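Okay, data-v7.txt now, which holds compact mmCIF, C-alpha atoms and all ligand atoms:
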# COMPACT_ATOMS: atom_id res chain seq x y z
CA MET A 10 10.90 28.25 -5.14
CA GLY A 11 7.37 27.41 -3.92
CA LYS A 12 6.55 24.67 -1.45
CA LYS A 13 6.57 21.09 -2.76
CA LYS A 14 3.20 19.46 -3.16
CA VAL A 15 2.44 15.88 -2.11
CA LEU A 16 -0.63 14.19 -3.60
CA VAL A 17 -1.69 10.81 -2.17
CA VAL A 18 -3.67 9.04 -4.89
CA GLY A 19 -6.15 6.79 -3.04
CA GLY A 20 -5.93 8.80 0.17
CA THR A 21 -9.17 7.42 1.64
CA GLY A 22 -7.88 3.84 1.46
CA TYR A 23 -6.04 1.80 4.01
CA LEU A 24 -2.48 2.71 3.11
CA GLY A 25 -3.56 6.16 1.94
CA GLN A 26 -4.90 7.25 5.33
CA HIS A 27 -1.84 5.98 7.17
CA LEU A 28 0.36 7.81 4.69
CA LEU A 29 -1.53 11.07 5.03
CA GLN A 30 -1.15 10.98 8.80
CA ALA A 31 2.57 10.34 8.53
CA TYR A 32 3.09 13.03 5.90
CA TYR A 33 1.11 15.43 8.04
CA ALA A 34 3.16 14.62 11.14
CA SER A 35 6.46 14.87 9.28
CA SER A 36 5.61 18.16 7.58
CA SER A 37 4.29 20.06 10.59
CA SER A 38 6.36 22.09 12.97
CA SER A 39 5.99 25.41 14.76
CA ASP A 40 7.69 28.70 13.98
CA THR A 41 9.16 30.91 16.70
CA ASN A 42 5.71 32.43 17.34
CA GLY A 43 4.18 29.01 17.83
CA ASN A 44 2.29 29.11 14.51
CA GLY A 45 1.99 25.86 12.59
CA VAL A 46 4.20 25.69 9.51
CA SER A 47 4.48 22.83 7.09
CA SER A 48 7.28 21.96 4.73
CA PHE A 49 4.95 20.87 1.93
CA ASP A 50 1.32 21.08 0.87
CA LEU A 51 -0.72 17.91 1.19
CA ALA A 52 -3.66 16.70 -0.89
CA PHE A 53 -5.32 13.39 -1.60
CA THR A 54 -7.79 11.80 -3.96
CA HIS A 55 -10.95 9.89 -3.15
CA HIS A 56 -13.30 8.18 -5.50
CA SER A 57 -16.58 6.51 -4.56
CA THR A 58 -17.47 8.31 -1.35
CA PRO A 59 -17.05 11.89 -0.08
CA PRO A 60 -13.85 12.45 1.91
CA PRO A 61 -14.60 11.24 5.47
CA LYS A 62 -14.94 13.96 8.12
CA LEU A 63 -12.71 12.06 10.54
CA LEU A 64 -9.92 12.05 8.00
CA LEU A 65 -10.30 15.74 7.14
CA HIS A 66 -10.29 16.54 10.83
CA ALA A 67 -7.13 14.47 11.42
CA ILE A 68 -5.25 16.09 8.53
CA PRO A 69 -6.20 19.77 8.72
CA GLY A 70 -5.25 21.77 5.68
CA SER A 71 -5.13 18.80 3.33
CA ILE A 72 -7.16 19.17 0.15
CA PRO A 73 -9.42 16.35 -1.08
CA PHE A 74 -10.05 15.84 -4.80
CA GLN A 75 -12.52 13.45 -6.33
CA VAL A 76 -10.80 11.60 -9.17
CA ASP A 77 -11.72 8.67 -11.34
CA LEU A 78 -8.57 6.89 -12.49
CA LYS A 79 -10.53 5.07 -15.21
CA THR A 80 -11.31 8.26 -17.09
CA GLY A 81 -8.97 10.84 -15.59
CA VAL A 82 -11.97 12.96 -14.62
CA GLY A 83 -10.94 15.10 -11.67
CA PHE A 84 -7.23 15.53 -12.34
CA GLU A 85 -7.82 18.82 -14.10
CA SER A 86 -9.39 20.31 -10.99
CA ILE A 87 -6.28 19.35 -9.03
CA SER A 88 -4.09 21.33 -11.42
CA ASN A 89 -6.36 24.31 -10.99
CA ALA A 90 -6.41 24.21 -7.23
CA PHE A 91 -3.28 22.26 -6.27
CA VAL A 92 -1.03 21.35 -9.06
CA PRO A 93 -7.83 -9.94 -6.68
CA ARG A 94 -11.12 -11.12 -7.54
CA ALA A 95 -12.96 -8.16 -8.73
CA CYS A 96 -10.11 -7.79 -11.25
CA GLU A 97 -10.67 -11.33 -12.42
CA THR A 98 -14.34 -10.77 -13.25
CA ASP A 99 -13.79 -7.41 -14.90
CA PRO A 100 -10.29 -7.30 -16.41
CA ASP A 101 -10.97 -4.22 -18.53
CA THR A 102 -11.96 -2.15 -15.53
CA ALA A 103 -9.05 -3.56 -13.50
CA HIS A 104 -6.66 -2.56 -16.27
CA ALA A 105 -8.19 0.91 -16.56
CA ILE A 106 -7.86 1.54 -12.81
CA ASN A 107 -4.54 -0.16 -12.13
CA VAL A 108 -2.57 1.17 -15.11
CA PRO A 109 -2.30 4.83 -14.18
CA SER A 110 -2.19 6.21 -17.71
CA ALA A 111 -4.44 9.18 -16.93
CA LEU A 112 -2.29 9.98 -13.90
CA VAL A 113 0.96 9.76 -15.88
CA ASN A 114 -0.49 11.89 -18.69
CA TRP A 115 -1.49 14.47 -16.15
CA LEU A 116 1.98 14.50 -14.55
CA GLN A 117 3.54 14.88 -17.99
CA SER A 118 1.44 17.95 -18.65
CA PHE A 119 3.32 19.90 -15.94
CA LYS A 120 5.85 22.44 -17.15
CA GLU A 121 8.27 21.30 -14.46
CA LYS A 122 8.84 17.61 -15.15
CA SER A 123 10.39 16.67 -11.83
CA SER A 124 7.45 15.26 -9.83
CA LEU A 125 8.29 11.90 -8.32
CA LEU A 126 5.64 9.20 -8.90
CA ILE A 127 5.63 6.58 -6.12
CA HIS A 128 3.56 3.72 -7.45
CA LEU A 129 2.21 0.77 -5.45
CA SER A 130 2.63 -2.52 -7.25
CA THR A 131 2.33 -5.99 -5.71
CA ASP A 132 4.15 -9.21 -4.87
CA GLN A 133 1.54 -10.88 -7.09
CA VAL A 134 3.63 -9.96 -10.15
CA TYR A 135 5.66 -13.09 -9.29
CA GLU A 136 4.64 -16.58 -10.35
CA GLY A 137 4.97 -18.09 -6.87
CA GLU A 138 7.03 -21.14 -7.71
CA LYS A 139 10.08 -20.41 -5.52
CA SER A 140 11.06 -18.53 -2.38
CA PHE A 141 12.49 -15.02 -1.96
CA TYR A 142 12.01 -13.47 -5.39
CA LYS A 143 14.42 -10.70 -6.40
CA GLU A 144 13.42 -7.64 -8.43
CA GLU A 145 15.35 -8.94 -11.44
CA ASP A 146 13.45 -12.24 -11.49
CA ILE A 147 11.04 -12.42 -14.37
CA ALA A 148 7.47 -11.33 -13.54
CA ILE A 149 4.96 -14.03 -14.46
CA PRO A 150 1.66 -13.11 -12.81
CA VAL A 151 -0.92 -15.88 -12.50
CA ASN A 152 -4.04 -13.69 -12.17
CA VAL A 153 -5.54 -10.55 -13.69
CA TYR A 154 -4.63 -8.39 -10.69
CA GLY A 155 -0.95 -9.29 -11.12
CA LYS A 156 -1.12 -8.85 -14.89
CA THR A 157 -2.59 -5.35 -14.64
CA LYS A 158 0.05 -4.42 -12.06
CA VAL A 159 2.83 -5.63 -14.41
CA ALA A 160 1.23 -3.60 -17.21
CA ALA A 161 1.25 -0.59 -14.87
CA GLU A 162 4.94 -1.05 -14.06
CA GLN A 163 5.76 -1.27 -17.77
CA PHE A 164 3.63 1.74 -18.59
CA ILE A 165 5.32 3.88 -15.95
CA SER A 166 8.87 2.82 -16.80
CA GLU A 167 8.29 3.45 -20.51
CA ASN A 168 6.40 6.73 -20.17
CA TYR A 169 7.77 8.49 -17.12
CA SER A 170 11.28 9.23 -15.99
CA ASN A 171 11.07 9.92 -12.24
CA TYR A 172 9.49 7.03 -10.39
CA ALA A 173 9.73 4.47 -7.60
CA ILE A 174 7.71 1.29 -8.04
CA LEU A 175 7.07 -0.57 -4.78
CA ARG A 176 6.14 -4.25 -5.06
CA SER A 177 4.22 -4.55 -1.82
CA SER A 178 3.30 -7.70 0.01
CA ILE A 179 0.19 -7.89 2.25
CA ILE A 180 -0.01 -4.63 4.18
CA TYR A 181 -1.06 -5.05 7.81
CA GLY A 182 -1.26 -2.81 10.85
CA PRO A 183 -3.66 -0.69 12.87
CA GLN A 184 -6.98 0.63 11.60
CA THR A 185 -7.10 4.05 9.90
CA VAL A 186 -8.33 7.31 11.42
CA SER A 187 -11.56 6.92 9.44
CA PRO A 188 -12.05 3.13 9.50
CA VAL A 189 -11.89 1.43 6.12
CA PRO A 190 -14.80 -0.89 5.33
CA LYS A 191 -12.67 -3.89 4.35
CA SER A 192 -11.46 -6.43 6.89
CA LEU A 193 -7.84 -6.08 7.97
CA PRO A 194 -5.78 -9.27 8.15
CA ILE A 195 -4.52 -9.26 11.77
CA GLN A 196 -7.76 -7.87 13.19
CA TRP A 197 -9.72 -10.49 11.26
CA MET A 198 -7.54 -13.35 12.55
CA ASP A 199 -7.78 -11.95 16.07
CA GLY A 200 -11.59 -11.79 15.80
CA VAL A 201 -12.08 -15.36 14.60
CA LEU A 202 -9.52 -16.87 17.01
CA ALA A 203 -11.01 -14.99 19.97
CA LYS A 204 -14.21 -17.04 19.54
CA GLY A 205 -12.28 -20.17 20.53
CA GLU A 206 -13.69 -22.20 17.63
CA GLU A 207 -11.62 -24.17 15.14
CA VAL A 208 -10.57 -22.10 12.13
CA GLN A 209 -8.84 -23.22 8.93
CA PHE A 210 -5.76 -21.45 7.59
CA PHE A 211 -3.54 -22.21 4.59
CA HIS A 212 -0.17 -23.76 5.35
CA ASP A 213 1.18 -23.68 1.80
CA GLU A 214 0.94 -20.06 0.65
CA PHE A 215 3.86 -17.87 1.63
CA ARG A 216 4.05 -14.08 1.78
CA CYS A 217 6.28 -11.45 3.43
CA PRO A 218 3.66 -9.19 5.05
CA ILE A 219 4.74 -5.61 5.62
CA PHE A 220 3.82 -3.48 8.62
CA VAL A 221 2.00 -0.40 7.32
CA LYS A 222 4.19 2.06 9.25
CA ASP A 223 7.32 0.59 7.67
CA LEU A 224 5.83 1.05 4.22
CA VAL A 225 4.84 4.59 5.14
CA ASN A 226 8.39 5.30 6.33
CA MET A 227 9.78 3.96 3.05
CA ILE A 228 7.51 6.31 1.10
CA LEU A 229 8.50 9.24 3.33
CA ALA A 230 12.19 8.38 2.79
CA LEU A 231 11.66 8.42 -0.98
CA THR A 232 9.85 11.74 -0.68
CA ARG A 233 12.78 13.20 1.27
CA LEU A 234 15.19 11.91 -1.34
CA TRP A 235 13.13 13.63 -4.03
CA MET A 236 12.99 16.88 -2.06
CA SER A 237 16.67 16.99 -1.22
CA GLU A 238 18.16 15.95 -4.55
CA ASP A 239 17.50 17.27 -7.97
CA LYS A 240 18.18 14.10 -9.91
CA GLN A 241 15.52 11.81 -11.34
CA ILE A 242 15.22 8.25 -10.07
CA GLN A 243 14.02 5.00 -11.60
CA LEU A 244 13.61 2.54 -8.75
CA LEU A 245 11.97 -0.87 -8.48
CA LEU A 246 11.83 -2.26 -4.94
CA ASN A 247 10.39 -5.34 -3.29
CA THR A 248 8.63 -3.92 -0.22
CA GLY A 249 7.98 -6.78 2.15
CA GLY A 250 8.71 -7.61 5.75
CA PRO A 251 11.72 -9.74 6.73
CA ASP A 252 9.70 -12.91 7.45
CA ARG A 253 8.32 -15.47 4.99
CA VAL A 254 5.11 -16.73 6.59
CA SER A 255 2.11 -18.90 5.76
CA ARG A 256 -1.40 -17.97 6.95
CA VAL A 257 -1.02 -20.68 9.62
CA GLN A 258 2.13 -18.99 10.89
CA MET A 259 0.41 -15.60 10.78
CA ALA A 260 -2.51 -16.94 12.84
CA GLU A 261 -0.09 -18.57 15.29
CA ALA A 262 1.68 -15.25 15.85
CA VAL A 263 -1.68 -13.61 16.65
CA ALA A 264 -2.72 -16.48 18.94
CA GLN A 265 0.61 -16.45 20.76
CA PHE A 266 0.43 -12.72 21.43
CA ARG A 267 -3.15 -13.01 22.69
CA GLY A 268 -2.63 -16.27 24.58
CA TYR A 269 -5.26 -18.12 22.52
CA ASP A 270 -5.29 -21.90 22.13
CA THR A 271 -3.17 -22.57 19.00
CA SER A 272 -4.67 -26.07 18.62
CA LYS A 273 -7.79 -24.35 17.19
CA ILE A 274 -5.72 -23.33 14.15
CA LYS A 275 -6.41 -26.01 11.55
CA SER A 276 -3.92 -26.28 8.77
CA VAL A 277 -5.35 -26.81 5.24
CA SER A 278 -3.95 -26.61 1.74
CA ALA A 279 -4.79 -23.56 -0.37
CA SER A 280 -5.64 -25.99 -3.16
CA SER A 281 -8.61 -27.27 -1.10
CA VAL A 282 -10.52 -24.01 -1.59
CA ASP A 283 -11.83 -22.43 -4.82
CA ARG A 284 -11.46 -18.66 -4.39
CA GLY A 285 -12.50 -17.84 -7.94
CA VAL A 286 -9.02 -16.55 -8.69
CA LYS A 287 -5.64 -18.22 -9.04
CA SER A 288 -3.41 -17.40 -6.13
CA PRO A 289 0.38 -17.77 -6.34
CA SER A 290 1.84 -20.22 -3.78
CA ASP A 291 5.11 -18.70 -2.66
CA ILE A 292 5.72 -15.05 -3.51
CA SER A 293 8.04 -14.36 -0.62
CA MET A 294 10.52 -11.64 -1.55
CA ASP A 295 14.19 -10.86 -1.05
CA ILE A 296 14.33 -7.31 0.37
CA THR A 297 18.10 -6.75 0.20
CA ARG A 298 17.77 -3.94 -2.36
CA LEU A 299 15.13 -2.19 -0.23
CA VAL A 300 17.25 -2.26 2.92
CA GLN A 301 20.39 -1.14 1.08
CA THR A 302 18.64 1.67 -0.78
CA LEU A 303 16.51 3.18 1.97
CA LYS A 304 18.42 1.98 5.07
CA ILE A 305 15.11 0.91 6.62
CA HIS A 306 14.82 -2.44 8.37
CA PRO A 307 11.15 -3.47 8.49
CA VAL A 308 9.97 -5.04 11.76
CA SER A 309 9.59 -8.80 12.18
CA PHE A 310 6.10 -10.20 11.68
CA LYS A 311 5.89 -11.03 15.39
CA ASP A 312 6.70 -7.44 16.38
CA GLY A 313 4.30 -6.09 13.76
CA VAL A 314 1.47 -8.19 15.21
CA ARG A 315 2.27 -6.88 18.69
CA LEU A 316 2.35 -3.26 17.46
CA THR A 317 -0.93 -3.76 15.60
CA LEU A 318 -2.82 -5.29 18.50
CA GLU A 319 -1.38 -2.85 21.05
CA ALA A 320 -2.53 0.03 18.83
CA GLU A 321 -6.01 -1.51 18.55
CA ALA A 322 -6.22 -1.76 22.35
CA LYS A 323 -5.71 2.01 22.60
CA ASN A 324 -8.62 2.78 20.23
N1 LIG B 401 -3.53 -3.61 1.06
C1 LIG B 401 -2.64 -4.54 0.65
O1 LIG B 401 -2.43 -5.56 1.34
C2 LIG B 401 -1.85 -4.34 -0.63
C3 LIG B 401 -0.87 -5.29 -0.99
C4 LIG B 401 -0.10 -5.09 -2.15
C5 LIG B 401 -0.31 -3.96 -2.92
N2 LIG B 401 -1.29 -3.05 -2.57
C6 LIG B 401 -1.50 -1.87 -3.43
O2 LIG B 401 -1.38 -0.69 -2.63
C7 LIG B 401 -2.28 0.32 -3.08
C8 LIG B 401 -3.13 0.81 -1.90
O3 LIG B 401 -3.83 -0.32 -1.33
P1 LIG B 401 -4.99 -0.12 -0.23
O4 LIG B 401 -5.11 -1.41 0.50
O5 LIG B 401 -4.73 1.13 0.52
O6 LIG B 401 -6.29 0.05 -1.16
P2 LIG B 401 -7.80 0.45 -0.74
O7 LIG B 401 -7.95 0.43 0.77
O8 LIG B 401 -8.70 -0.40 -1.55
O9 LIG B 401 -7.89 1.97 -1.20
C9 LIG B 401 -7.98 2.29 -2.57
C10 LIG B 401 -7.95 3.81 -2.75
O10 LIG B 401 -7.97 4.07 -4.18
C11 LIG B 401 -9.14 4.87 -4.50
N3 LIG B 401 -9.69 4.40 -5.82
C12 LIG B 401 -10.19 3.17 -6.14
N4 LIG B 401 -10.65 3.16 -7.44
C13 LIG B 401 -10.40 4.40 -7.95
C14 LIG B 401 -10.65 5.04 -9.22
N5 LIG B 401 -11.22 4.42 -10.26
N6 LIG B 401 -10.27 6.33 -9.37
C15 LIG B 401 -9.69 7.00 -8.34
N7 LIG B 401 -9.42 6.47 -7.11
C16 LIG B 401 -9.77 5.19 -6.92
C17 LIG B 401 -10.12 4.66 -3.35
O11 LIG B 401 -10.99 5.79 -3.22
P3 LIG B 401 -12.49 5.66 -2.53
O12 LIG B 401 -12.29 4.90 -1.22
O13 LIG B 401 -12.89 7.07 -2.34
O14 LIG B 401 -13.29 4.87 -3.53
C18 LIG B 401 -9.15 4.55 -2.14
O15 LIG B 401 -8.73 5.84 -1.72
C19 LIG B 401 -3.07 -0.31 -4.25
O16 LIG B 401 -2.47 0.08 -5.46
C20 LIG B 401 -2.90 -1.82 -4.03
O17 LIG B 401 -2.98 -2.54 -5.26
C21 LIG B 401 -2.06 -3.22 -1.44

Would you mind writing the file out in structure tokens?
Amino acid sequence: MGKKKVLVVGGTGYLGQHLLQAYYASSSSSDTNGNGVSSFDLAFTHHSTPPPKLLLHAIPGSIPFQVDLKTGVGFESISNAFVPRACETDPDTAHAINVPSALVNWLQSFKEKSSLLIHLSTDQVYEGEKSFYKEEDIAIPVNVYGKTKVAAEQFISENYSNYAILRSSIIYGPQTVSPVPKSLPIQWMDGVLAKGEEVQFFHDEFRCPIFVKDLVNMILALTRLWMSEDKQIQLLLNTGGPDRVSRVQMAEAVAQFRGYDTSKIKSVSASSVDRGVKSPSDISMDITRLVQTLKIHPVSFKDGVRLTLEAEAKN
């Protein structure tokens, strides 16, 4: 049997780059002659920009493919060589990108039907009217982003038979090997609090942020499961951290680690700001199923902040 192939769709993004590094590290070892051997082949997709040199350098041997999820253009070349506001303003495009119909169609075209699809969904599928949602709670998204993600979950579960859907909370952690252009939550809070000026944070929106390396480990564990067992899986998991925190509590954790003056953190209600998109209030999640299924205990938010800022100090 040939080597398994791992394709990270969205490999140039925040989670994607962290995942590629972890896959690369977990697949590489040396043979008795000291030559590098890997247990699977690694590839990734990019979209709007060429694959960054820093990333290619960090993951030698990985193959980049330009793919447009809206149209499916690009998937064919892979077979040959490698077998929340924006959504609101353009729901059709959001739907076309977030519901991976072209990707699923492509996977279905393989003769061997056993590829595992690990799909990133969101905590924003939940309405946000209670604490610690469970996977079996009804999904009632309040914005287009959440609606398209629910549509994606439905599409996958109805059209594909080997999948894990991960309902992720806010992903935080260190910067990627090739820095992503968007601002990262902990680094952003650290930057504004470092100035010593008063900053407003919401006290009434609750999330269970997940440390990126925990999410990466969960995806690697699922990959191992797929590689070691022949059976197909249909999994839906809340992937959050263990702590339910508001933005005020997140900022306090950053300030406490850095020794900043916490009195500069001004608590405001999320309802005082118009963000052009409805944002659910409390979409904290119960992660019992995640911990039982994968035997992974994600780090506390406090520890995740420390790990993030310690990693930044090394860069
Ligand atoms: N980050 C979070 O806090 C968070 C929370 C919950 C769920 N999620 C979900 O987790 C996944 C990864 O998030 P992320 O933060 O890593 O996202 P990101 O940094 O925005 O990266 C998105 C990736 O998808 C690619 N992409 C975008 N549009 C595409 C298209 N039309 N066709 C093909 N590729 C396209 C981008 O390629 P280019 O860069 O080359 O354009 C990039 O590699 C997403 O599904 C997101 O909804 C994220």

Would you mind listing, for every residue of chain A within 6 Å of ligand LIG 401 (chain B), the two atoms forming the shortest contact and the distance between them in Å to one decimal, using only C-alpha atoms and all ligand atoms, sorted by chain and ascending residue number, as a Markdown table?
| residue | atom | partner | partner_atom | distance |
| --- | --- | --- | --- | --- |
| A:Gly19 | CA | B:LIG401 | O15 | 3.0 |
| A:Gly20 | CA | B:LIG401 | O15 | 4.5 |
| A:Thr21 | CA | B:LIG401 | O15 | 3.7 |
| A:Gly22 | CA | B:LIG401 | O9 | 3.3 |
| A:Tyr23 | CA | B:LIG401 | O5 | 3.8 |
| A:Leu24 | CA | B:LIG401 | O5 | 3.8 |
| A:Gly25 | CA | B:LIG401 | O5 | 5.4 |
| A:His55 | CA | B:LIG401 | O13 | 3.5 |
| A:His56 | CA | B:LIG401 | O13 | 3.4 |
| A:Ser57 | CA | B:LIG401 | O14 | 3.8 |
| A:Thr58 | CA | B:LIG401 | O13 | 4.8 |
| A:Val76 | CA | B:LIG401 | C15 | 4.8 |
| A:Asp77 | CA | B:LIG401 | N6 | 3.4 |
| A:Leu78 | CA | B:LIG401 | N6 | 3.6 |
| A:Lys79 | CA | B:LIG401 | N5 | 5.0 |
| A:Ile106 | CA | B:LIG401 | N5 | 5.1 |
| A:Leu129 | CA | B:LIG401 | O16 | 4.7 |
| A:Ser130 | CA | B:LIG401 | C5 | 5.4 |
| A:Thr131 | CA | B:LIG401 | C5 | 4.3 |
| A:Ser177 | CA | B:LIG401 | C4 | 4.4 |
| A:Ser178 | CA | B:LIG401 | C4 | 4.8 |
| A:Ile179 | CA | B:LIG401 | O1 | 3.6 |
| A:Ile180 | CA | B:LIG401 | O1 | 3.8 |

The distance between CA of Glu121 in chain A and CA of Asn171 in chain A is 11.9 Å

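A straight line drawn from CA of Val108 in chain A to CA of Lys158 in chain A is 6.9 Å long.
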
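The shortest atom-to-atom distance to Ala279 in chain A, with only C-alpha atoms taken into account, belongs to A:Phe215 out of A:Trp197, A:Phe74, A:Phe215, A:Tyr169.
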
With a distance cut-off of 7 Å and only C-alpha atoms, select the neighbouring residues of range 140-142 of chain A, excluding the residue or stretch itself and same-chain residues fewer than 3 positions from it, and output the selection as a list in words.
-> Asp146, Asp291, Ile292, Ser293, Met294 and Asp295 of chain A

Would you output that residue set with C-alpha atoms, as a compact mmCIF listing (two decimals), keeping the file's coordinate frame?
# COMPACT_ATOMS: atom_id res chain seq x y z
CA ASP A 146 13.45 -12.24 -11.49
CA ASP A 291 5.11 -18.70 -2.66
CA ILE A 292 5.72 -15.05 -3.51
CA SER A 293 8.04 -14.36 -0.62
CA MET A 294 10.52 -11.64 -1.55
CA ASP A 295 14.19 -10.86 -1.05

Which of these, A:Lys62, A:His27, A:Arg267, A:Lys156, has the shortest distance to Arg315 in chain A once you count only C-alpha atoms?
-> A:Arg267

Tell me, in Å to one decimal, how far CA of Glu167 in chain A is from CA of Leu244 in chain A.
-> 12.9 Å

Pick out the residues sitting within 6 Å of range 287-290 of chain A, and hand them over as a list of chain:residue names; count all atoms listed in the file, and ignore anything fewer than 5 positions along from it in its own chain.
-> A:Glu136, A:Gly137, A:Asn152, A:Glu214
